[in-house]
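Enquirer: Below is the file model-v6.txt, which contains compact mmCIF, N, CA and C atoms.
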# COMPACT_ATOMS: atom_id res chain seq x y z
N MET A 1 77.69 30.47 -75.22
CA MET A 1 78.84 31.01 -75.92
C MET A 1 78.33 32.04 -76.90
N SER A 2 79.01 33.17 -76.93
CA SER A 2 78.64 34.19 -77.90
C SER A 2 79.90 34.68 -78.59
N GLU A 3 79.72 35.22 -79.75
CA GLU A 3 80.86 35.74 -80.50
C GLU A 3 80.91 37.24 -80.29
N GLN A 4 82.12 37.75 -80.09
CA GLN A 4 82.29 39.19 -79.95
C GLN A 4 83.31 39.66 -80.95
N GLY A 5 83.10 40.82 -81.49
CA GLY A 5 84.05 41.51 -82.36
C GLY A 5 84.86 40.61 -83.28
N GLY A 6 86.01 40.11 -82.82
CA GLY A 6 86.95 39.38 -83.66
C GLY A 6 86.60 37.94 -83.89
N GLY A 7 85.42 37.50 -83.57
CA GLY A 7 85.02 36.13 -83.82
C GLY A 7 85.47 35.14 -82.76
N GLU A 8 86.09 35.62 -81.69
CA GLU A 8 86.52 34.73 -80.60
C GLU A 8 85.33 34.42 -79.70
N PRO A 9 85.21 33.18 -79.26
CA PRO A 9 84.10 32.85 -78.36
C PRO A 9 84.29 33.52 -77.01
N SER A 10 83.20 33.91 -76.40
CA SER A 10 83.21 34.52 -75.07
C SER A 10 82.31 33.70 -74.17
N TYR A 11 82.84 33.22 -73.07
CA TYR A 11 82.08 32.39 -72.15
C TYR A 11 81.61 33.24 -70.98
N THR A 12 80.66 34.12 -71.27
CA THR A 12 80.14 35.03 -70.26
C THR A 12 79.61 34.29 -69.05
N VAL A 13 79.00 33.14 -69.28
CA VAL A 13 78.41 32.39 -68.17
C VAL A 13 79.48 31.98 -67.15
N SER A 14 80.72 31.83 -67.58
CA SER A 14 81.78 31.45 -66.65
C SER A 14 82.03 32.54 -65.61
N PHE A 15 81.71 33.77 -65.93
CA PHE A 15 81.85 34.86 -64.97
C PHE A 15 80.62 34.96 -64.06
N TRP A 16 79.48 34.54 -64.56
CA TRP A 16 78.25 34.59 -63.77
C TRP A 16 78.19 33.49 -62.73
N LEU A 17 78.83 32.37 -63.02
CA LEU A 17 78.67 31.18 -62.18
C LEU A 17 80.01 30.63 -61.68
N LYS A 18 80.82 31.49 -61.12
CA LYS A 18 82.13 31.07 -60.61
C LYS A 18 82.00 30.22 -59.35
N GLU A 19 81.19 30.68 -58.39
CA GLU A 19 81.03 30.00 -57.10
C GLU A 19 79.60 29.49 -56.98
N LEU A 20 79.45 28.17 -56.88
CA LEU A 20 78.12 27.56 -56.82
C LEU A 20 77.90 26.91 -55.46
N LEU A 21 76.73 27.10 -54.91
CA LEU A 21 76.31 26.40 -53.71
C LEU A 21 75.25 25.38 -54.11
N VAL A 22 75.46 24.13 -53.72
CA VAL A 22 74.52 23.06 -54.06
C VAL A 22 74.05 22.40 -52.77
N PRO A 23 72.88 22.80 -52.26
CA PRO A 23 72.33 22.12 -51.09
C PRO A 23 71.84 20.73 -51.49
N VAL A 24 72.20 19.71 -50.72
CA VAL A 24 71.77 18.34 -51.02
C VAL A 24 71.16 17.73 -49.77
N ASP A 25 70.27 16.77 -50.01
CA ASP A 25 69.68 16.01 -48.91
C ASP A 25 69.71 14.51 -49.18
N GLY A 26 70.38 14.13 -50.26
CA GLY A 26 70.46 12.72 -50.63
C GLY A 26 69.38 12.28 -51.59
N SER A 27 68.41 13.15 -51.86
CA SER A 27 67.32 12.80 -52.78
C SER A 27 67.82 12.79 -54.22
N GLY A 28 67.05 12.15 -55.10
CA GLY A 28 67.38 12.12 -56.51
C GLY A 28 67.41 13.51 -57.11
N SER A 29 66.49 14.35 -56.69
CA SER A 29 66.42 15.71 -57.20
C SER A 29 67.68 16.50 -56.83
N SER A 30 68.15 16.34 -55.61
CA SER A 30 69.35 17.08 -55.20
C SER A 30 70.59 16.54 -55.91
N MET A 31 70.61 15.25 -56.21
CA MET A 31 71.75 14.68 -56.93
C MET A 31 71.74 15.13 -58.41
N LYS A 32 70.54 15.34 -58.98
CA LYS A 32 70.46 15.90 -60.34
C LYS A 32 70.98 17.33 -60.34
N ALA A 33 70.70 18.07 -59.28
CA ALA A 33 71.22 19.44 -59.16
C ALA A 33 72.74 19.41 -59.09
N LEU A 34 73.29 18.45 -58.36
CA LEU A 34 74.74 18.31 -58.30
C LEU A 34 75.31 17.97 -59.67
N ASP A 35 74.63 17.12 -60.43
CA ASP A 35 75.07 16.81 -61.79
C ASP A 35 75.17 18.08 -62.64
N LEU A 36 74.17 18.95 -62.54
CA LEU A 36 74.20 20.20 -63.30
C LEU A 36 75.38 21.07 -62.86
N ALA A 37 75.60 21.17 -61.56
CA ALA A 37 76.73 21.96 -61.06
C ALA A 37 78.06 21.38 -61.54
N ILE A 38 78.17 20.07 -61.55
CA ILE A 38 79.39 19.42 -62.05
C ILE A 38 79.59 19.74 -63.53
N ASP A 39 78.51 19.75 -64.28
CA ASP A 39 78.60 20.11 -65.70
C ASP A 39 79.12 21.54 -65.85
N PHE A 40 78.61 22.47 -65.04
CA PHE A 40 79.11 23.86 -65.08
C PHE A 40 80.59 23.89 -64.71
N ALA A 41 80.99 23.11 -63.72
CA ALA A 41 82.40 23.08 -63.32
C ALA A 41 83.28 22.57 -64.45
N MET A 42 82.82 21.53 -65.13
CA MET A 42 83.61 20.96 -66.22
C MET A 42 83.70 21.92 -67.42
N ARG A 43 82.61 22.62 -67.70
CA ARG A 43 82.57 23.50 -68.86
C ARG A 43 83.17 24.88 -68.60
N TYR A 44 82.92 25.42 -67.40
CA TYR A 44 83.24 26.82 -67.14
C TYR A 44 84.20 27.04 -65.97
N GLY A 45 84.62 25.97 -65.32
CA GLY A 45 85.55 26.12 -64.20
C GLY A 45 84.90 26.59 -62.91
N SER A 46 83.60 26.41 -62.79
CA SER A 46 82.90 26.80 -61.56
C SER A 46 83.42 26.00 -60.37
N ARG A 47 83.44 26.65 -59.21
CA ARG A 47 83.80 25.97 -57.97
C ARG A 47 82.51 25.60 -57.24
N ILE A 48 82.47 24.38 -56.72
CA ILE A 48 81.25 23.84 -56.12
C ILE A 48 81.42 23.63 -54.62
N THR A 49 80.49 24.18 -53.86
CA THR A 49 80.37 23.86 -52.44
C THR A 49 79.06 23.13 -52.27
N VAL A 50 79.13 21.92 -51.73
CA VAL A 50 77.93 21.13 -51.46
C VAL A 50 77.59 21.31 -49.99
N LEU A 51 76.33 21.63 -49.72
CA LEU A 51 75.88 21.88 -48.35
C LEU A 51 74.82 20.87 -47.96
N PHE A 52 75.07 20.15 -46.87
CA PHE A 52 74.09 19.22 -46.31
C PHE A 52 73.63 19.78 -44.98
N VAL A 53 72.33 20.06 -44.86
CA VAL A 53 71.76 20.63 -43.65
C VAL A 53 70.82 19.61 -43.03
N CYS A 54 71.04 19.29 -41.77
CA CYS A 54 70.24 18.28 -41.10
C CYS A 54 70.23 18.56 -39.60
N PRO A 55 69.11 18.27 -38.91
CA PRO A 55 69.07 18.51 -37.46
C PRO A 55 70.15 17.74 -36.69
N ASP A 56 70.48 16.56 -37.18
CA ASP A 56 71.60 15.84 -36.55
C ASP A 56 72.49 15.33 -37.68
N ALA A 57 73.75 15.42 -37.48
CA ALA A 57 74.71 15.16 -38.56
C ALA A 57 74.97 13.67 -38.79
N SER A 58 74.12 12.79 -38.27
CA SER A 58 74.37 11.35 -38.39
C SER A 58 74.35 10.87 -39.84
N ARG A 59 73.59 11.52 -40.72
CA ARG A 59 73.52 11.12 -42.13
C ARG A 59 74.60 11.77 -42.98
N ALA A 60 75.36 12.68 -42.41
CA ALA A 60 76.32 13.46 -43.19
C ALA A 60 77.32 12.59 -43.92
N GLU A 61 77.82 11.55 -43.28
CA GLU A 61 78.85 10.72 -43.91
C GLU A 61 78.29 9.96 -45.11
N SER A 62 77.07 9.44 -45.01
CA SER A 62 76.50 8.72 -46.15
C SER A 62 76.21 9.67 -47.31
N VAL A 63 75.76 10.89 -47.02
CA VAL A 63 75.52 11.88 -48.08
C VAL A 63 76.85 12.32 -48.69
N ARG A 64 77.88 12.49 -47.85
CA ARG A 64 79.20 12.85 -48.36
C ARG A 64 79.70 11.80 -49.36
N LYS A 65 79.49 10.53 -49.04
CA LYS A 65 79.92 9.45 -49.94
C LYS A 65 79.17 9.52 -51.27
N GLN A 66 77.86 9.79 -51.21
CA GLN A 66 77.06 9.94 -52.44
C GLN A 66 77.63 11.06 -53.30
N VAL A 67 77.95 12.18 -52.65
CA VAL A 67 78.48 13.34 -53.37
C VAL A 67 79.83 13.01 -54.00
N GLU A 68 80.69 12.37 -53.23
CA GLU A 68 82.02 12.02 -53.74
C GLU A 68 81.93 11.06 -54.92
N GLU A 69 81.01 10.09 -54.85
CA GLU A 69 80.82 9.16 -55.97
C GLU A 69 80.34 9.89 -57.21
N LYS A 70 79.41 10.83 -57.02
CA LYS A 70 78.84 11.58 -58.14
C LYS A 70 79.91 12.46 -58.81
N ALA A 71 80.77 13.08 -58.00
CA ALA A 71 81.75 14.02 -58.53
C ALA A 71 83.06 13.35 -58.95
N SER A 72 83.28 12.14 -58.53
CA SER A 72 84.54 11.44 -58.73
C SER A 72 85.10 11.57 -60.14
N GLY A 73 86.27 12.17 -60.23
CA GLY A 73 86.94 12.29 -61.51
C GLY A 73 86.37 13.35 -62.44
N ARG A 74 85.28 13.99 -62.07
CA ARG A 74 84.65 14.98 -62.94
C ARG A 74 84.82 16.40 -62.42
N ALA A 75 84.77 16.57 -61.10
CA ALA A 75 84.88 17.91 -60.53
C ALA A 75 85.31 17.80 -59.08
N GLU A 76 85.92 18.85 -58.61
CA GLU A 76 86.30 18.92 -57.21
C GLU A 76 85.19 19.66 -56.45
N VAL A 77 84.77 19.09 -55.34
CA VAL A 77 83.72 19.73 -54.55
C VAL A 77 84.20 19.88 -53.11
N THR A 78 83.70 20.92 -52.48
CA THR A 78 83.90 21.12 -51.05
C THR A 78 82.59 20.72 -50.37
N PHE A 79 82.65 19.82 -49.41
CA PHE A 79 81.45 19.34 -48.73
C PHE A 79 81.38 19.97 -47.34
N LYS A 80 80.23 20.56 -47.03
CA LYS A 80 80.00 21.14 -45.71
C LYS A 80 78.71 20.56 -45.13
N ALA A 81 78.79 20.09 -43.91
CA ALA A 81 77.61 19.60 -43.21
C ALA A 81 77.28 20.58 -42.08
N VAL A 82 76.03 20.95 -41.99
CA VAL A 82 75.58 21.89 -40.96
C VAL A 82 74.44 21.24 -40.20
N SER A 83 74.57 21.21 -38.89
CA SER A 83 73.44 20.74 -38.07
C SER A 83 72.80 21.97 -37.43
N TYR A 84 71.52 21.87 -37.18
CA TYR A 84 70.78 23.01 -36.63
C TYR A 84 69.73 22.51 -35.65
N ASP A 85 69.20 23.42 -34.86
CA ASP A 85 68.15 23.12 -33.90
C ASP A 85 66.80 23.46 -34.55
N PRO A 86 65.96 22.46 -34.82
CA PRO A 86 64.68 22.72 -35.49
C PRO A 86 63.74 23.65 -34.72
N SER A 87 63.98 23.83 -33.44
CA SER A 87 63.11 24.73 -32.67
C SER A 87 63.49 26.20 -32.89
N THR A 88 64.66 26.45 -33.45
CA THR A 88 65.08 27.84 -33.65
C THR A 88 65.41 28.18 -35.10
N SER A 89 65.47 27.19 -35.97
CA SER A 89 65.83 27.45 -37.36
C SER A 89 65.17 26.42 -38.26
N SER A 90 65.53 26.44 -39.53
CA SER A 90 64.99 25.49 -40.51
C SER A 90 66.06 25.23 -41.56
N VAL A 91 65.83 24.24 -42.40
CA VAL A 91 66.77 23.94 -43.47
C VAL A 91 66.91 25.17 -44.38
N ALA A 92 65.79 25.77 -44.75
CA ALA A 92 65.83 26.94 -45.63
C ALA A 92 66.62 28.08 -44.99
N ASN A 93 66.40 28.33 -43.71
CA ASN A 93 67.14 29.41 -43.03
C ASN A 93 68.63 29.13 -43.01
N GLU A 94 69.01 27.88 -42.81
CA GLU A 94 70.43 27.53 -42.78
C GLU A 94 71.07 27.69 -44.16
N ILE A 95 70.33 27.34 -45.20
CA ILE A 95 70.84 27.54 -46.56
C ILE A 95 71.00 29.04 -46.85
N LEU A 96 69.98 29.83 -46.48
CA LEU A 96 70.05 31.28 -46.70
C LEU A 96 71.20 31.90 -45.89
N LYS A 97 71.44 31.39 -44.70
CA LYS A 97 72.56 31.87 -43.89
C LYS A 97 73.89 31.55 -44.57
N ALA A 98 74.01 30.36 -45.14
CA ALA A 98 75.23 29.97 -45.85
C ALA A 98 75.46 30.88 -47.07
N ILE A 99 74.38 31.21 -47.77
CA ILE A 99 74.49 32.11 -48.92
C ILE A 99 74.99 33.48 -48.47
N ALA A 100 74.42 33.99 -47.38
CA ALA A 100 74.80 35.31 -46.87
C ALA A 100 76.25 35.34 -46.40
N GLU A 101 76.71 34.23 -45.82
CA GLU A 101 78.07 34.19 -45.29
C GLU A 101 79.11 33.87 -46.36
N GLY A 102 78.69 33.32 -47.48
CA GLY A 102 79.61 32.96 -48.55
C GLY A 102 79.63 34.01 -49.64
N SER A 103 80.35 33.71 -50.68
CA SER A 103 80.41 34.62 -51.83
C SER A 103 79.96 33.85 -53.08
N TYR A 104 78.76 33.30 -53.00
CA TYR A 104 78.24 32.46 -54.08
C TYR A 104 77.58 33.31 -55.15
N ASP A 105 77.73 32.86 -56.38
CA ASP A 105 77.09 33.53 -57.51
C ASP A 105 75.73 32.94 -57.80
N ALA A 106 75.55 31.66 -57.44
CA ALA A 106 74.28 30.99 -57.72
C ALA A 106 74.11 29.80 -56.80
N VAL A 107 72.86 29.40 -56.64
CA VAL A 107 72.49 28.20 -55.91
C VAL A 107 71.82 27.28 -56.91
N ILE A 108 72.24 26.02 -56.91
CA ILE A 108 71.58 25.02 -57.76
C ILE A 108 71.06 23.96 -56.81
N MET A 109 69.76 23.76 -56.83
CA MET A 109 69.18 22.80 -55.88
C MET A 109 67.99 22.06 -56.48
N GLY A 110 67.69 20.93 -55.89
CA GLY A 110 66.54 20.15 -56.32
C GLY A 110 65.25 20.87 -55.98
N ALA A 111 64.27 20.74 -56.85
CA ALA A 111 62.98 21.39 -56.62
C ALA A 111 62.21 20.71 -55.50
N ARG A 112 62.47 19.43 -55.29
CA ARG A 112 61.81 18.68 -54.21
C ARG A 112 62.85 17.83 -53.53
N GLY A 113 62.74 17.75 -52.22
CA GLY A 113 63.69 16.95 -51.46
C GLY A 113 63.11 15.62 -51.04
N THR A 114 63.40 15.24 -49.83
CA THR A 114 63.02 13.92 -49.33
C THR A 114 61.65 13.91 -48.65
N SER A 115 60.87 15.00 -48.79
CA SER A 115 59.55 15.02 -48.16
C SER A 115 58.66 13.93 -48.76
N ILE A 116 57.66 13.53 -48.01
CA ILE A 116 56.82 12.41 -48.45
C ILE A 116 55.61 12.83 -49.28
N ASN A 117 55.36 14.12 -49.42
CA ASN A 117 54.21 14.59 -50.18
C ASN A 117 54.55 14.64 -51.66
N GLY A 118 54.13 13.65 -52.41
CA GLY A 118 54.42 13.58 -53.84
C GLY A 118 53.51 14.44 -54.69
N ASP A 119 52.54 15.12 -54.08
CA ASP A 119 51.58 15.92 -54.84
C ASP A 119 52.11 17.31 -55.17
N ILE A 120 53.22 17.72 -54.55
CA ILE A 120 53.73 19.06 -54.80
C ILE A 120 54.88 19.02 -55.80
N ASN A 121 54.96 20.06 -56.61
CA ASN A 121 56.01 20.14 -57.62
C ASN A 121 57.28 20.79 -57.10
N VAL A 122 57.12 21.76 -56.21
CA VAL A 122 58.27 22.45 -55.64
C VAL A 122 58.11 22.42 -54.13
N GLY A 123 59.15 21.95 -53.45
CA GLY A 123 59.09 21.83 -52.01
C GLY A 123 59.20 23.17 -51.29
N SER A 124 58.88 23.16 -50.00
CA SER A 124 58.89 24.40 -49.22
C SER A 124 60.29 24.97 -49.06
N VAL A 125 61.30 24.11 -48.94
CA VAL A 125 62.68 24.60 -48.80
C VAL A 125 63.10 25.30 -50.10
N ALA A 126 62.85 24.67 -51.23
CA ALA A 126 63.21 25.26 -52.52
C ALA A 126 62.47 26.59 -52.73
N MET A 127 61.19 26.63 -52.38
CA MET A 127 60.41 27.86 -52.53
C MET A 127 60.98 28.97 -51.67
N ALA A 128 61.30 28.67 -50.42
CA ALA A 128 61.83 29.68 -49.51
C ALA A 128 63.18 30.20 -49.99
N VAL A 129 64.05 29.31 -50.44
CA VAL A 129 65.36 29.73 -50.92
C VAL A 129 65.20 30.56 -52.19
N ALA A 130 64.39 30.11 -53.13
CA ALA A 130 64.19 30.85 -54.38
C ALA A 130 63.61 32.24 -54.12
N ALA A 131 62.70 32.34 -53.15
CA ALA A 131 62.05 33.61 -52.86
C ALA A 131 62.96 34.60 -52.12
N HIS A 132 63.89 34.09 -51.33
CA HIS A 132 64.65 34.99 -50.44
C HIS A 132 66.14 35.08 -50.73
N ALA A 133 66.68 34.25 -51.59
CA ALA A 133 68.12 34.28 -51.87
C ALA A 133 68.47 35.55 -52.64
N PRO A 134 69.60 36.17 -52.30
CA PRO A 134 70.04 37.37 -53.01
C PRO A 134 70.83 37.05 -54.30
N VAL A 135 70.88 35.78 -54.67
CA VAL A 135 71.61 35.34 -55.86
C VAL A 135 70.69 34.51 -56.74
N THR A 136 71.14 34.19 -57.92
CA THR A 136 70.39 33.34 -58.84
C THR A 136 70.17 31.98 -58.22
N VAL A 137 68.96 31.45 -58.35
CA VAL A 137 68.64 30.11 -57.86
C VAL A 137 68.12 29.30 -59.06
N ILE A 138 68.75 28.17 -59.29
CA ILE A 138 68.31 27.25 -60.34
C ILE A 138 67.71 26.04 -59.67
N LEU A 139 66.43 25.78 -59.93
CA LEU A 139 65.74 24.62 -59.37
C LEU A 139 65.72 23.51 -60.42
N VAL A 140 66.14 22.33 -60.00
CA VAL A 140 66.23 21.20 -60.90
C VAL A 140 65.13 20.21 -60.55
N ARG A 141 64.40 19.75 -61.55
CA ARG A 141 63.34 18.77 -61.34
C ARG A 141 63.82 17.40 -61.72
Would it be possible to restate this file's structure as structure tokens?
Expert:
Amino acid sequence: MSEQGGGEPSYTVSFWLKELLVPVDGSGSSMKALDLAIDFAMRYGSRITVLFVCPDASRAESVRKQVEEKASGRAEVTFKAVSYDPSTSSVANEILKAIAEGSYDAVIMGARGTSINGDINVGSVAMAVAAHAPVTVILVR
């Protein structure tokens, strides 16, 4: 919040973050990213699209339920599940495709997903999205 001229507050951030894309995989990190997006929605009226990308959509319903529980009563979210062929694409490519096809102002995502390598601080999907997205990317740890 900043003050302009007549002392009225100006919520510039509400114009920067109108449309948010939140890729989730069910991990704690992705759910923390959703919490941040929900906070932006509550404070600034941001609209949230949650994206679940998986080679087979069998987990989509359980992730959808997690998202609905997290957002319940706090913010309205649109949930999209995308399945892809791992031989021709990747999770990062599908997220970048969603960004290109949508009109998002920012992406908020977990820095690490469900990978088993605990030695890394930022996962390969987060790195690829942060490096190639044409919009602001906020990584949540």
Enquirer: Please measure the separation of atom N of Phe15 in chain A and CA of Gln66 in chain A, giving the value in Å to one decimal.
Expert: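 Answer for the atom N of Phe15 in chain A to CA of Gln66 in chain A separation: 27.8 Å.
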Enquirer: For Ala71 in chain A, which residue among A:Ala106, A:Ala98, A:Cys54, A:Ala33 is the nearest when counting only C-alpha atoms?
Expert: A:Ala33
Enquirer: Could you jot down the CA of Val82 in chain A to atom C of Trp16 in chain A separation for me, Å, one decimal place?
Expert: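 For CA of Val82 in chain A relative to atom C of Trp16 in chain A, the distance reads 24.8 Å.
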Enquirer: What is the CA of Asp35 in chain A-atom C of Glu76 in chain A distance in Å, reported with one decimal?
Expert: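 CA of Asp35 in chain A sits 11.8 Å away from atom C of Glu76 in chain A.
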Enquirer: Compile the contact shell of range 83-93 of chain A as a PyMOL selection string: residues with an atom at most 6 Å away, counting all atoms listed in the file, same-chain residues fewer than 2 positions apart removed.
Expert: chain A and resi 53-57+81+95-98+125+129
Enquirer: Starting from 6 Å padding per side, set up an axis-aligned box that covers all listed atoms of range 28-43 of chain A and hand over centre and edge lengths in Å, one decimal, as JSON.
Expert:
{"center_x": 75.1, "center_y": 18.5, "center_z": -62.0, "size_x": 29.3, "size_y": 24.8, "size_z": 25.8}
Enquirer: Could you give me the residues within range 72-123 of chain A that DSSP places in strand (DSSP E), as a list in words?
Expert: Val77, Thr78, Phe79, Lys80, Ala81, Val82, Ser83, Ala106, Val107, Ile108, Met109 and Gly110 of chain A
Enquirer: From a backbone DSSP assignment, name each residue in chain A labelled alpha helix (DSSP H), as a PyMOL selection string.
Expert: chain A and resi 13-16+28-44+60-71+91-101+124-132
Enquirer: Just checking: using all atoms listed in the file, which residue out of A:Arg141, A:Arg43, A:Pro134, A:Lys65 ends up closest to Arg112 in chain A?
Expert: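 Of all the options, A:Arg141 lies closest to Arg112 in chain A.
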Enquirer: Nearest to Ile38 in chain A among A:Ala60, A:Ser14, A:Val24, A:Ala75, with distances taken over all atoms listed in the file: which residue is it?
Expert: A:Ala75
Enquirer: A:Gly26, A:Met127, A:Ala111, A:Gly102: which is nearest Val67 in chain A, counting only N, CA and C atoms?
Expert: A:Gly26
Enquirer: If you count all atoms listed in the file, which residues fall within 6.5 Å of Asp25 in chain A, apart from same-chain ones fewer than 5 positions away, as a PDB file with N, CA and C atoms, keeping the file's coordinate frame?
Expert:
ATOM      1  N   SER A  30      68.150  16.340 -55.610  1.00  0.00           N
ATOM      2  CA  SER A  30      69.350  17.080 -55.200  1.00  0.00           C
ATOM      3  C   SER A  30      70.590  16.540 -55.910  1.00  0.00           C
ATOM      4  N   MET A  31      70.610  15.250 -56.210  1.00  0.00           N
ATOM      5  CA  MET A  31      71.750  14.680 -56.930  1.00  0.00           C
ATOM      6  C   MET A  31      71.740  15.130 -58.410  1.00  0.00           C
ATOM      7  N   LEU A  51      76.330  21.630 -49.720  1.00  0.00           N
ATOM      8  CA  LEU A  51      75.880  21.880 -48.350  1.00  0.00           C
ATOM      9  C   LEU A  51      74.820  20.870 -47.960  1.00  0.00           C
ATOM     10  N   PHE A  52      75.070  20.150 -46.870  1.00  0.00           N
ATOM     11  CA  PHE A  52      74.090  19.220 -46.310  1.00  0.00           C
ATOM     12  C   PHE A  52      73.630  19.780 -44.980  1.00  0.00           C
ATOM     13  N   VAL A  53      72.330  20.060 -44.860  1.00  0.00           N
ATOM     14  CA  VAL A  53      71.760  20.630 -43.650  1.00  0.00           C
ATOM     15  C   VAL A  53      70.820  19.610 -43.030  1.00  0.00           C
ATOM     16  N   VAL A  63      75.760  10.890 -47.020  1.00  0.00           N
ATOM     17  CA  VAL A  63      75.520  11.880 -48.080  1.00  0.00           C
ATOM     18  C   VAL A  63      76.850  12.320 -48.690  1.00  0.00           C
ATOM     19  N   THR A 114      63.400  15.240 -49.830  1.00  0.00           N
ATOM     20  CA  THR A 114      63.020  13.920 -49.330  1.00  0.00           C
ATOM     21  C   THR A 114      61.650  13.910 -48.650  1.00  0.00           C
TER      22      THR A 114
END
Enquirer: Go through A:Ile138, A:Ala100, A:Met42, A:Ile48 and flag the residue nearest Lys18 in chain A, using all atoms listed in the file for the distances.
Expert: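 Using all atoms listed in the file, the shortest distance to Lys18 in chain A belongs to A:Ile48.
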